[in-house]
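Some notes on the structure that comes next.
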Amino acid sequence: MSPGFAVTEAAFCAVALAGGSLEADFRAGGYHVPNKAYLPIAGEIMLVRVLRALRGSTWVKQVRCVTQRSALEHAAEAASLCDEVIEPGADLIASVLAGFRGLADDERVLVVATDTPLVTPGSIDRLAEAAANTPCDVGYGFVERGLHDRSYPCVRHTWVRLRDGTFCGAGVSLVRAGAAAQIESVLRKFTAARKSPARLASLFSPMLVFKVLTGRVGIAELERRANEITGLVCRGIPCPDPELAVNVDRLEDLRTVEAILRAGAART
């Protein structure tokens, strides 16, 4: 049984993940930076855009950045937006766990991807408010397709069709610090499968594979099964801002999102 968690906590610690190495297609495109968080986009590196949004959120009390200190030495503005810098682990999950080190077990943390350069303080605020009012150990942010496509029809995603609608994952999740180590092995499996709806479903049960592929499973059923697998309280958190799901995985995404940013700047 997991310990209790506050559902009205007014401020979160945010763990911004900016570790790893630069993917091959970005290197082939002529970029030479430590990892994609440091890619320039519309005149600024992505990491600065995300950290600034976190710093501007009324719900974020502390910003921890998991990144190579050697990389941050050459990004002064990004460094100025961090309360604490933590060296990443050997892989994504090890980096997440490093970001929680030293926090109280009952602290509920926003885990933020730094390849989401469209995020704003307002979008972080709205997600954080929803998270604060969702009692859970693990909360997974998601965006509904119609909401997304009205704003960003040109941005590609891996979509999952459920009985409740069609959704994609967001770049912000909620994790109780003490829960992360408890579910490390499950997190590793889910991270490996996160881009494949069928592989994700197979972690639940064979019947769910069929039900996901035919759009017959609902959010509540997935939550119940996640609770059983982890022994924790897991919930989906709907995000009202599609910006939270616009991430840069490939060079093509970088070009697409840069065009969106430049078009927005031209209108202001």
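To be explicit about the labels: the chains of the structure tokens are called A, B, and onward in the order shown, and within each one the residues are counted from 1, while ligands get numbers from 1 in the order they are shown.
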task: Might you pull out every residue within 10 Å of region 227-237 of chain A, with only C-alpha atoms counted and same-chain residues fewer than 3 positions away left off, and present them as a ChimeraX atom specification?
output: /A:1-3,127-128,130-131,133-143,169-170,172-175,179,182-187,203-204,219-224,240
Give me a file of those residues, with N, CA and C atoms, as a compact mmCIF listing (two decimals), in the first residue's frame.
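Written file, out-v2.txt:
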# COMPACT_ATOMS: atom_id res chain seq x y z
N MET A 1 0.85 -1.20 0.00
CA MET A 1 0.00 0.00 0.00
C MET A 1 0.89 1.24 0.00
N SER A 2 0.66 2.16 -0.90
CA SER A 2 1.48 3.35 -0.97
C SER A 2 1.07 4.33 0.11
N PRO A 3 2.00 5.18 0.55
CA PRO A 3 1.65 6.18 1.55
C PRO A 3 0.68 7.20 0.98
N LEU A 127 -1.62 21.97 -16.27
CA LEU A 127 -1.31 20.56 -16.02
C LEU A 127 -1.04 20.34 -14.54
N ALA A 128 -0.29 21.23 -13.91
CA ALA A 128 0.05 21.08 -12.50
C ALA A 128 -1.20 21.15 -11.63
N ALA A 130 -4.22 20.27 -12.52
CA ALA A 130 -4.91 18.99 -12.70
C ALA A 130 -4.20 17.88 -11.91
N ALA A 131 -2.87 17.89 -11.93
CA ALA A 131 -2.10 16.88 -11.21
C ALA A 131 -2.32 17.01 -9.71
N ASN A 133 -4.84 17.87 -8.18
CA ASN A 133 -6.17 17.39 -7.81
C ASN A 133 -6.44 15.98 -8.30
N THR A 134 -5.37 15.26 -8.64
CA THR A 134 -5.48 13.86 -9.04
C THR A 134 -4.70 13.02 -8.03
N PRO A 135 -5.36 12.41 -7.05
CA PRO A 135 -4.64 11.63 -6.05
C PRO A 135 -4.05 10.36 -6.65
N CYS A 136 -2.74 10.32 -6.76
CA CYS A 136 -2.09 9.16 -7.37
C CYS A 136 -0.60 9.15 -7.01
N ASP A 137 0.01 8.00 -7.21
CA ASP A 137 1.46 7.87 -7.09
C ASP A 137 2.14 8.18 -8.42
N VAL A 138 1.48 7.78 -9.50
CA VAL A 138 2.01 7.99 -10.85
C VAL A 138 0.88 8.55 -11.71
N GLY A 139 1.13 9.67 -12.36
CA GLY A 139 0.15 10.27 -13.26
C GLY A 139 0.76 10.49 -14.62
N TYR A 140 0.06 10.03 -15.66
CA TYR A 140 0.58 10.12 -17.02
C TYR A 140 -0.23 11.16 -17.79
N GLY A 141 0.43 12.23 -18.22
CA GLY A 141 -0.25 13.27 -18.98
C GLY A 141 -0.57 12.81 -20.39
N PHE A 142 -1.76 13.16 -20.88
CA PHE A 142 -2.13 12.81 -22.26
C PHE A 142 -2.99 13.90 -22.86
N VAL A 143 -3.00 13.94 -24.20
CA VAL A 143 -3.72 14.97 -24.96
C VAL A 143 -4.66 14.30 -25.94
N GLY A 169 0.61 10.76 -25.71
CA GLY A 169 1.22 11.11 -24.44
C GLY A 169 1.73 12.53 -24.44
N ALA A 170 1.75 13.14 -23.27
CA ALA A 170 2.31 14.48 -23.09
C ALA A 170 3.73 14.39 -22.58
N VAL A 172 4.87 15.77 -19.90
CA VAL A 172 4.93 15.98 -18.45
C VAL A 172 4.17 14.87 -17.76
N SER A 173 4.79 14.27 -16.77
CA SER A 173 4.15 13.25 -15.94
C SER A 173 4.30 13.64 -14.48
N LEU A 174 3.56 12.94 -13.63
CA LEU A 174 3.61 13.15 -12.19
C LEU A 174 4.06 11.86 -11.53
N VAL A 175 5.04 11.94 -10.64
CA VAL A 175 5.51 10.75 -9.93
C VAL A 175 5.76 11.12 -8.48
N ALA A 179 7.81 6.48 -5.09
CA ALA A 179 7.27 5.42 -5.93
C ALA A 179 8.21 5.02 -7.05
N GLN A 182 10.32 1.96 -6.52
CA GLN A 182 9.47 0.79 -6.38
C GLN A 182 9.11 0.17 -7.72
N ILE A 183 9.01 1.00 -8.74
CA ILE A 183 8.54 0.50 -10.03
C ILE A 183 9.60 0.63 -11.12
N GLU A 184 10.88 0.60 -10.72
CA GLU A 184 11.95 0.78 -11.71
C GLU A 184 11.85 -0.23 -12.85
N SER A 185 11.65 -1.51 -12.55
CA SER A 185 11.61 -2.52 -13.61
C SER A 185 10.42 -2.29 -14.53
N VAL A 186 9.27 -1.90 -13.96
CA VAL A 186 8.10 -1.62 -14.79
C VAL A 186 8.34 -0.39 -15.65
N LEU A 187 8.96 0.64 -15.06
CA LEU A 187 9.27 1.84 -15.83
C LEU A 187 10.16 1.53 -17.02
N LEU A 203 2.14 -5.35 -22.09
CA LEU A 203 2.62 -5.32 -20.72
C LEU A 203 1.48 -5.48 -19.72
N PHE A 204 0.27 -5.30 -20.19
CA PHE A 204 -0.90 -5.41 -19.34
C PHE A 204 -1.48 -6.83 -19.38
N ILE A 219 -9.90 4.25 -20.53
CA ILE A 219 -8.86 4.77 -19.65
C ILE A 219 -8.95 4.13 -18.27
N ALA A 220 -10.15 4.01 -17.74
CA ALA A 220 -10.32 3.46 -16.39
C ALA A 220 -9.80 2.03 -16.30
N GLU A 221 -10.03 1.24 -17.36
CA GLU A 221 -9.54 -0.13 -17.35
C GLU A 221 -8.01 -0.18 -17.37
N LEU A 222 -7.39 0.69 -18.15
CA LEU A 222 -5.93 0.75 -18.18
C LEU A 222 -5.39 1.17 -16.81
N GLU A 223 -6.06 2.12 -16.18
CA GLU A 223 -5.61 2.56 -14.86
C GLU A 223 -5.69 1.42 -13.85
N ARG A 224 -6.80 0.67 -13.87
CA ARG A 224 -6.95 -0.44 -12.92
C ARG A 224 -5.85 -1.48 -13.10
N PRO A 240 -5.13 20.01 -21.08
CA PRO A 240 -5.92 20.88 -21.96
C PRO A 240 -5.09 21.64 -22.98
Test item: residues at most 6 Å from region 27-42 of chain A, only C-alpha atoms, excluding those fewer than 3 positions along its chain, as a PDB file with N, CA and C atoms, in the first residue's frame:
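After the write, selection_3.pdb holds the following:
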ATOM      1  N   ALA A  18      17.360  16.287 -19.307  1.00  0.00           N
ATOM      2  CA  ALA A  18      18.141  16.786 -20.447  1.00  0.00           C
ATOM      3  C   ALA A  18      19.468  16.051 -20.546  1.00  0.00           C
ATOM      4  N   SER A  21      22.583  11.411 -25.270  1.00  0.00           N
ATOM      5  CA  SER A  21      23.454  11.888 -26.348  1.00  0.00           C
ATOM      6  C   SER A  21      22.618  12.258 -27.562  1.00  0.00           C
ATOM      7  N   LEU A  22      23.227  12.958 -28.487  1.00  0.00           N
ATOM      8  CA  LEU A  22      22.504  13.445 -29.664  1.00  0.00           C
ATOM      9  C   LEU A  22      22.269  12.316 -30.659  1.00  0.00           C
ATOM     10  N   ALA A  24      21.470  10.302 -34.205  1.00  0.00           N
ATOM     11  CA  ALA A  24      22.245  10.310 -35.448  1.00  0.00           C
ATOM     12  C   ALA A  24      21.692  11.262 -36.494  1.00  0.00           C
ATOM     13  N   ILE A  45      17.956  27.717 -27.440  1.00  0.00           N
ATOM     14  CA  ILE A  45      17.998  26.267 -27.288  1.00  0.00           C
ATOM     15  C   ILE A  45      16.704  25.798 -26.608  1.00  0.00           C
ATOM     16  N   MET A  46      16.302  24.571 -26.936  1.00  0.00           N
ATOM     17  CA  MET A  46      15.042  24.043 -26.404  1.00  0.00           C
ATOM     18  C   MET A  46      15.046  24.028 -24.887  1.00  0.00           C
ATOM     19  N   LEU A  47      16.179  23.676 -24.281  1.00  0.00           N
ATOM     20  CA  LEU A  47      16.256  23.578 -22.836  1.00  0.00           C
ATOM     21  C   LEU A  47      15.871  24.897 -22.174  1.00  0.00           C
ATOM     22  N   THR A 114      12.504  17.758 -22.020  1.00  0.00           N
ATOM     23  CA  THR A 114      13.010  19.059 -22.457  1.00  0.00           C
ATOM     24  C   THR A 114      13.081  19.166 -23.977  1.00  0.00           C
ATOM     25  N   ASP A 115      12.337  18.281 -24.663  1.00  0.00           N
ATOM     26  CA  ASP A 115      12.237  18.400 -26.121  1.00  0.00           C
ATOM     27  C   ASP A 115      10.844  18.889 -26.510  1.00  0.00           C
ATOM     28  N   GLU A 258      10.066  24.522 -35.417  1.00  0.00           N
ATOM     29  CA  GLU A 258      10.703  25.809 -35.646  1.00  0.00           C
ATOM     30  C   GLU A 258       9.817  26.688 -36.521  1.00  0.00           C
TER      31      GLU A 258
END
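One finds CA of Asp125 (chain A) at 17.9 Å from CA of Leu147 (chain A).
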Go through region 150-175 of chain A and flag each residue having an atom no more than 10 Å from region 247-255 of chain A; for those, report the closest pair of atoms plus their distance in Å to one decimal, using only C-alpha atoms, ordered by chain and rising number, as a tab-separated table.
residue	atom	partner	partner_atom	distance
A:Cys154	CA	A:Asp253	CA	9.7
A:Val155	CA	A:Asp253	CA	7.4
A:Arg156	CA	A:Asp253	CA	8.0
A:His157	CA	A:Asn247	CA	8.9
A:Ala170	CA	A:Asn247	CA	8.6
A:Gly171	CA	A:Asn247	CA	7.3
- request: Among the residues of region 9-257 of chain A, find those DSSP assigns to helix (DSSP H, G or I) from the backbone and print them as number ranges by chain.
  value: A: 24-28, 36-38, 46-56, 69-72, 76-80, 92-100, 121-132, 145-151, 177-182, 184-193, 197-202, 206-213, 219-230, 242-245, 251-257
- prompt: A:Val60, A:Leu51, A:Val257, A:Val217: which is nearest Ala78 (chain A), counting only C-alpha atoms?
  reply: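 Residue with the minimum atom-to-atom distance to Ala78 (chain A): A:Leu51.
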task: Determine the nearest neighbour of Glu87 (chain A) from the options A:Trp59, A:Thr120, A:Glu107, A:Leu17, counting only C-alpha atoms.
output: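 Of A:Trp59, A:Thr120, A:Glu107, A:Leu17, the one nearest Glu87 (chain A), counting only C-alpha atoms, is A:Leu17.
In this model, the gap between CA of Ala53 (chain A) and CA of Gly122 (chain A) comes to 8.0 Å.
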query: Which value, in Å to one decimal, gives the distance between CA of Asp241 (chain A) and CA of Leu54 (chain A)?
result: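 So the answer is 14.8 Å.
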